[in-house]
$ cat input_10.cif   # mmCIF, C-alpha atoms
data_my_file
#
loop_
_atom_site.group_PDB
_atom_site.id
_atom_site.type_symbol
_atom_site.label_atom_id
_atom_site.label_comp_id
_atom_site.auth_asym_id
_atom_site.auth_seq_id
_atom_site.Cartn_x
_atom_site.Cartn_y
_atom_site.Cartn_z
ATOM 1 C CA MET A 1 -0.283 35.396 34.351
ATOM 2 C CA MET A 2 -0.159 37.714 37.344
ATOM 3 C CA SER A 3 -2.299 35.336 39.439
ATOM 4 C CA ARG A 4 0.205 32.506 38.785
ATOM 5 C CA ILE A 5 3.003 34.714 40.110
ATOM 6 C CA TRP A 6 0.981 35.447 43.258
ATOM 7 C CA VAL A 7 0.178 31.745 43.776
ATOM 8 C CA GLU A 8 3.851 30.798 43.374
ATOM 9 C CA LEU A 9 4.874 33.597 45.706
ATOM 10 C CA PHE A 10 2.491 32.646 48.518
ATOM 11 C CA LEU A 11 2.268 28.856 48.121
ATOM 12 C CA GLY A 12 5.496 27.988 46.397
ATOM 13 C CA LYS A 13 5.955 25.614 43.475
ATOM 14 C CA ILE A 14 4.330 22.658 45.259
ATOM 15 C CA GLY A 15 1.280 24.772 46.141
ATOM 16 C CA LYS A 16 0.973 25.834 42.517
ATOM 17 C CA TYR A 17 1.058 22.200 41.371
ATOM 18 C CA LEU A 18 -1.556 21.234 43.959
ATOM 19 C CA ILE A 19 -3.870 24.033 42.843
ATOM 20 C CA ASP A 20 -3.408 23.023 39.204
ATOM 21 C CA PHE A 21 -4.158 19.391 40.081
ATOM 22 C CA PHE A 22 -7.316 20.228 42.032
ATOM 23 C CA SER A 23 -8.534 22.647 39.381
ATOM 24 C CA LYS A 24 -8.189 19.957 36.690
ATOM 25 C CA TYR A 25 -9.773 17.109 38.691
ATOM 26 C CA TYR A 26 -12.180 18.921 41.015
ATOM 27 C CA ILE A 27 -15.141 17.125 39.430
ATOM 28 C CA TRP A 28 -13.967 13.933 41.153
ATOM 29 C CA PHE A 29 -13.379 15.545 44.562
ATOM 30 C CA VAL A 30 -16.638 17.469 44.939
ATOM 31 C CA PRO A 31 -18.964 14.400 45.076
ATOM 32 C CA VAL A 32 -16.649 12.697 47.575
ATOM 33 C CA VAL A 33 -16.651 15.765 49.828
ATOM 34 C CA ILE A 34 -20.443 16.089 49.591
ATOM 35 C CA LEU A 35 -20.958 12.392 50.423
ATOM 36 C CA TYR A 36 -18.552 12.682 53.339
ATOM 37 C CA GLY A 37 -20.454 15.726 54.624
ATOM 38 C CA ILE A 38 -23.798 13.917 54.403
ATOM 39 C CA PHE A 39 -22.283 10.878 56.154
ATOM 40 C CA MET A 40 -20.922 13.040 58.984
ATOM 41 C CA ALA A 41 -24.202 14.960 59.319
ATOM 42 C CA LEU A 42 -26.207 11.724 59.646
ATOM 43 C CA SER A 43 -23.736 10.372 62.198
ATOM 44 C CA SER A 44 -23.841 13.569 64.241
ATOM 45 C CA TYR A 45 -27.637 13.719 64.139
ATOM 46 C CA ASN A 46 -27.789 10.094 65.259
ATOM 47 C CA LEU A 47 -25.721 10.939 68.348
ATOM 48 C CA ARG A 48 -27.781 14.089 69.089
ATOM 49 C CA ARG A 49 -30.985 12.075 68.946
ATOM 50 C CA MET A 50 -29.702 9.560 71.484
ATOM 51 C CA GLU A 51 -28.178 12.318 73.651
ATOM 52 C CA LYS A 52 -31.547 14.025 73.896
ATOM 53 C CA LYS A 53 -33.118 10.910 75.408
ATOM 54 C CA ILE A 54 -30.143 10.324 77.705
ATOM 55 C CA SER A 55 -30.119 13.912 78.969
ATOM 56 C CA GLY A 56 -33.796 13.599 79.878
ATOM 57 C CA ASP A 57 -33.095 10.369 81.761
ATOM 58 C CA ILE A 58 -30.098 11.891 83.562
ATOM 59 C CA ALA A 59 -32.112 14.942 84.660
ATOM 60 C CA LYS A 60 -35.062 12.843 85.812
ATOM 61 C CA GLN A 61 -32.854 10.488 87.832
ATOM 62 C CA ALA A 62 -30.827 13.378 89.265
ATOM 63 C CA LYS A 63 -33.977 15.124 90.507
ATOM 64 C CA TYR A 64 -35.160 11.866 92.077
ATOM 65 C CA LEU A 65 -31.788 11.302 93.781
ATOM 66 C CA ILE A 66 -31.744 14.878 95.102
ATOM 67 C CA ARG A 67 -35.269 14.458 96.513
ATOM 68 C CA ARG A 68 -34.162 11.258 98.257
ATOM 69 C CA ASN A 69 -30.914 12.754 99.558
ATOM 70 C CA PRO A 70 -30.697 16.575 99.478
ATOM 71 C CA GLU A 71 -27.041 16.516 100.618
ATOM 72 C CA ILE A 72 -25.833 14.395 97.656
ATOM 73 C CA ASN A 73 -22.921 15.765 95.653
ATOM 74 C CA PHE A 74 -22.205 15.719 91.918
ATOM 75 C CA LEU A 75 -20.065 12.591 92.045
ATOM 76 C CA GLY A 76 -22.741 10.739 94.024
ATOM 77 C CA ILE A 77 -25.333 11.552 91.405
ATOM 78 C CA VAL A 78 -23.115 10.482 88.513
ATOM 79 C CA GLU A 79 -22.307 7.181 90.233
ATOM 80 C CA ASN A 80 -25.980 6.415 90.953
ATOM 81 C CA ILE A 81 -27.399 7.182 87.508
ATOM 82 C CA VAL A 82 -28.481 3.995 85.762
ATOM 83 C CA ILE A 83 -29.145 4.108 82.022
ATOM 84 C CA ASP A 84 -30.141 1.208 79.789
ATOM 85 C CA TRP A 85 -27.656 1.881 76.987
ATOM 86 C CA GLU A 86 -28.693 -1.145 74.913
ATOM 87 C CA GLU A 87 -32.329 -0.035 74.873
ATOM 88 C CA ILE A 88 -31.430 3.518 73.873
ATOM 89 C CA VAL A 89 -29.217 2.316 71.014
ATOM 90 C CA ARG A 90 -31.918 -0.111 69.870
ATOM 91 C CA SER A 91 -34.778 2.409 70.116
ATOM 92 C CA TYR A 92 -33.219 5.730 69.081
ATOM 93 C CA SER A 93 -30.415 4.899 66.655
ATOM 94 C CA PHE A 94 -31.279 5.022 62.963
ATOM 95 C CA PHE A 95 -27.744 4.972 61.536
ATOM 96 C CA PRO A 96 -24.872 2.546 62.278
ATOM 97 C CA PHE A 97 -22.396 5.332 63.162
ATOM 98 C CA ILE A 98 -22.144 8.254 65.609
ATOM 99 C CA ALA A 99 -19.893 11.312 65.620
ATOM 100 C CA ASN A 100 -19.369 14.416 67.746
ATOM 101 C CA GLU A 101 -19.834 17.824 66.141
ATOM 102 C CA PHE A 102 -16.204 18.556 65.365
ATOM 103 C CA ASP A 103 -14.864 15.035 64.866
ATOM 104 C CA LEU A 104 -13.327 14.194 61.517
ATOM 105 C CA TRP A 105 -14.381 10.561 61.638
ATOM 106 C CA VAL A 106 -17.066 8.378 63.165
ATOM 107 C CA ALA A 107 -17.386 5.538 65.636
ATOM 108 C CA ARG A 108 -19.599 2.485 65.366
ATOM 109 C CA THR A 109 -22.920 2.840 67.197
ATOM 110 C CA SER A 110 -22.816 0.619 70.273
ATOM 111 C CA SER A 111 -23.729 0.953 73.904
ATOM 112 C CA LYS A 112 -20.046 1.078 74.876
ATOM 113 C CA THR A 113 -19.133 3.950 72.520
ATOM 114 C CA LEU A 114 -22.305 5.862 73.375
ATOM 115 C CA ARG A 115 -21.531 5.550 77.082
ATOM 116 C CA SER A 116 -17.973 6.759 76.529
ATOM 117 C CA PHE A 117 -19.202 9.754 74.496
ATOM 118 C CA ILE A 118 -21.623 10.821 77.245
ATOM 119 C CA PHE A 119 -19.924 9.834 80.501
ATOM 120 C CA GLY A 120 -16.393 10.287 79.165
ATOM 121 C CA ASP A 121 -16.754 14.044 79.476
ATOM 122 C CA GLU A 122 -17.652 15.257 82.970
ATOM 123 C CA ASN A 123 -18.432 18.731 81.651
ATOM 124 C CA LYS A 124 -21.123 17.322 79.363
ATOM 125 C CA ILE A 125 -22.981 15.832 82.338
ATOM 126 C CA ARG A 126 -22.524 19.066 84.256
ATOM 127 C CA VAL A 127 -24.029 21.061 81.392
ATOM 128 C CA ILE A 128 -26.947 18.618 81.101
ATOM 129 C CA LEU A 129 -27.724 19.096 84.795
ATOM 130 C CA GLU A 130 -27.262 22.876 84.689
ATOM 131 C CA ARG A 131 -29.674 23.147 81.757
ATOM 132 C CA LYS A 132 -32.275 21.492 83.982
ATOM 133 C CA ASN A 133 -31.454 23.969 86.806
ATOM 134 C CA ILE A 134 -29.635 21.415 88.955
ATOM 135 C CA TYR A 135 -26.606 22.994 90.628
ATOM 136 C CA PHE A 136 -24.233 21.728 93.313
ATOM 137 C CA LYS A 137 -22.397 23.530 96.086
ATOM 138 C CA GLU A 138 -18.960 22.295 95.015
ATOM 139 C CA LEU A 139 -19.556 23.468 91.438
ATOM 140 C CA SER A 140 -19.637 27.081 90.430
ATOM 141 C CA GLY A 141 -23.326 27.336 89.573
ATOM 142 C CA GLY A 142 -25.371 30.174 88.285
ATOM 143 C CA VAL A 143 -24.247 32.401 85.478
ATOM 144 C CA ARG A 144 -21.111 31.226 83.715
ATOM 145 C CA LYS A 145 -18.379 33.723 83.092
ATOM 146 C CA ASN A 146 -18.046 34.858 79.485
ATOM 147 C CA LEU A 147 -14.287 34.641 79.012
ATOM 148 C CA TYR A 148 -14.334 36.193 75.539
ATOM 149 C CA ALA A 149 -16.165 39.301 76.727
ATOM 150 C CA ASP A 150 -13.953 39.509 79.826
ATOM 151 C CA ILE A 151 -10.720 39.405 77.808
ATOM 152 C CA THR A 152 -12.096 41.859 75.244
ATOM 153 C CA LYS A 153 -13.017 44.325 77.983
ATOM 154 C CA ARG A 154 -9.581 43.940 79.557
ATOM 155 C CA ILE A 155 -7.817 44.593 76.233
ATOM 156 C CA PHE A 156 -9.887 47.609 75.255
ATOM 157 C CA LYS A 157 -10.209 49.085 78.759
ATOM 158 C CA ARG A 158 -9.358 52.751 78.606
ATOM 159 C CA LYS A 159 -7.111 54.226 81.205
ATOM 160 C CA ALA A 160 -8.603 57.360 82.704
#

$ encode --input "input_10.cif" --output "structure tokens"
Amino acid sequence: MMSRIWVELFLGKIGKYLIDFFSKYYIWFVPVVILYGIFMALSSYNLRRMEKKISGDIAKQAKYLIRRNPEINFLGIVENIVIDWEEIVRSYSFFPFIANEFDLWVARTSSKTLRSFIFGDENKIRVILERKNIYFKELSGGVRKNLYADITKRIFKRKA
């Protein structure tokens, strides 16, 4: 009885009805949630598998382009990278959908969507190149600043 009062107090009447509904029919929701989780995990793994191959290709081509032209900048490398998207989708995809880690839904696996996932985010390409120790003058290379630790130190800094 006391727990019902607490639920009504914190969630209101509608929250209490929702909790009652889910507690009565949870047996129908649990399998759906588990299937959705498996579906999203397969989609995410499918993208990771293709990204691994693409990141290797990007690093290999970037090193080649830098050897050919040591003064090339980041934008020049990104523009000159050529990837056979159709071949990667055909060879490395095992599931008809792909999803990013924190997406709530999926996209159909195609060369166009894969290209937009990879080249749509400039930071992703930057991270791929930095992991292979490829840095550029116009980018802040080297050790990245840990913003969380910096803010924490600033908050808890003792005044002497």

$ atom_distance --input "input_10.cif" --atom1 "CA of Ile118 in chain A" --atom2 "CA of Phe39 in chain A"
21.1 Å

$ residues_around --input "input_10.cif" --residues "range 81-85 of chain A" --least-positions-apart "6" --cutoff "9 Å" --atoms "all atoms listed in the file" --output "list in words"
Ile54, Asp57, Ile58, Gln61, Ala62, Leu65, Ser110, Ser111, Lys112, Leu114 and Arg115 of chain A

$ resolve_selection --input "input_10.cif" --expression "the PyMOL selection byres ((chain A and resi 68-73) around 12)" --output "PyMOL selection string"
chain A and resi 61-67+74-80+126+134-139

$ residues_around --input "input_10.cif" --residues "Phe117 in chain A" --least-positions-apart "6" --cutoff "12 Å" --atoms "only C-alpha atoms" --output "list in words"
Ser44, Leu47, Arg48, Met50, Glu51, Ile54, Trp85, Ile98, Ala99, Asn100, Glu101, Asp103, Val106, Ala107, Arg108, Thr109, Ser110, Ser111, Asn123, Lys124 and Ile125 of chain A

$ atom_distance --input "input_10.cif" --atom1 "CA of Phe95 in chain A" --atom2 "CA of Gly37 in chain A"
14.7 Å

$ atom_distance --input "input_10.cif" --atom1 "CA of Asn46 in chain A" --atom2 "CA of Tyr92 in chain A"
7.9 Å

$ axis_aligned_box --input "input_10.cif" --around "range 32-48 of chain A" --padding-each-side "6 Å" --output "lines of an AutoDock Vina configuration file"
center_x = -22.2
center_y = 13.1
center_z = 58.3
size_x = 23.1
size_y = 18.0
size_z = 33.5

$ closest_residue --input "input_10.cif" --among "A:Ile5, A:Ile19, A:Ile14, A:Leu104" --to "Ala41 in chain A" --atoms "all atoms listed in the file"
A:Leu104

$ closest_residue --input "input_10.cif" --among "A:Thr113, A:Met40, A:Ile88, A:Asp121" --to "Gly56 in chain A" --atoms "all atoms listed in the file"
A:Ile88
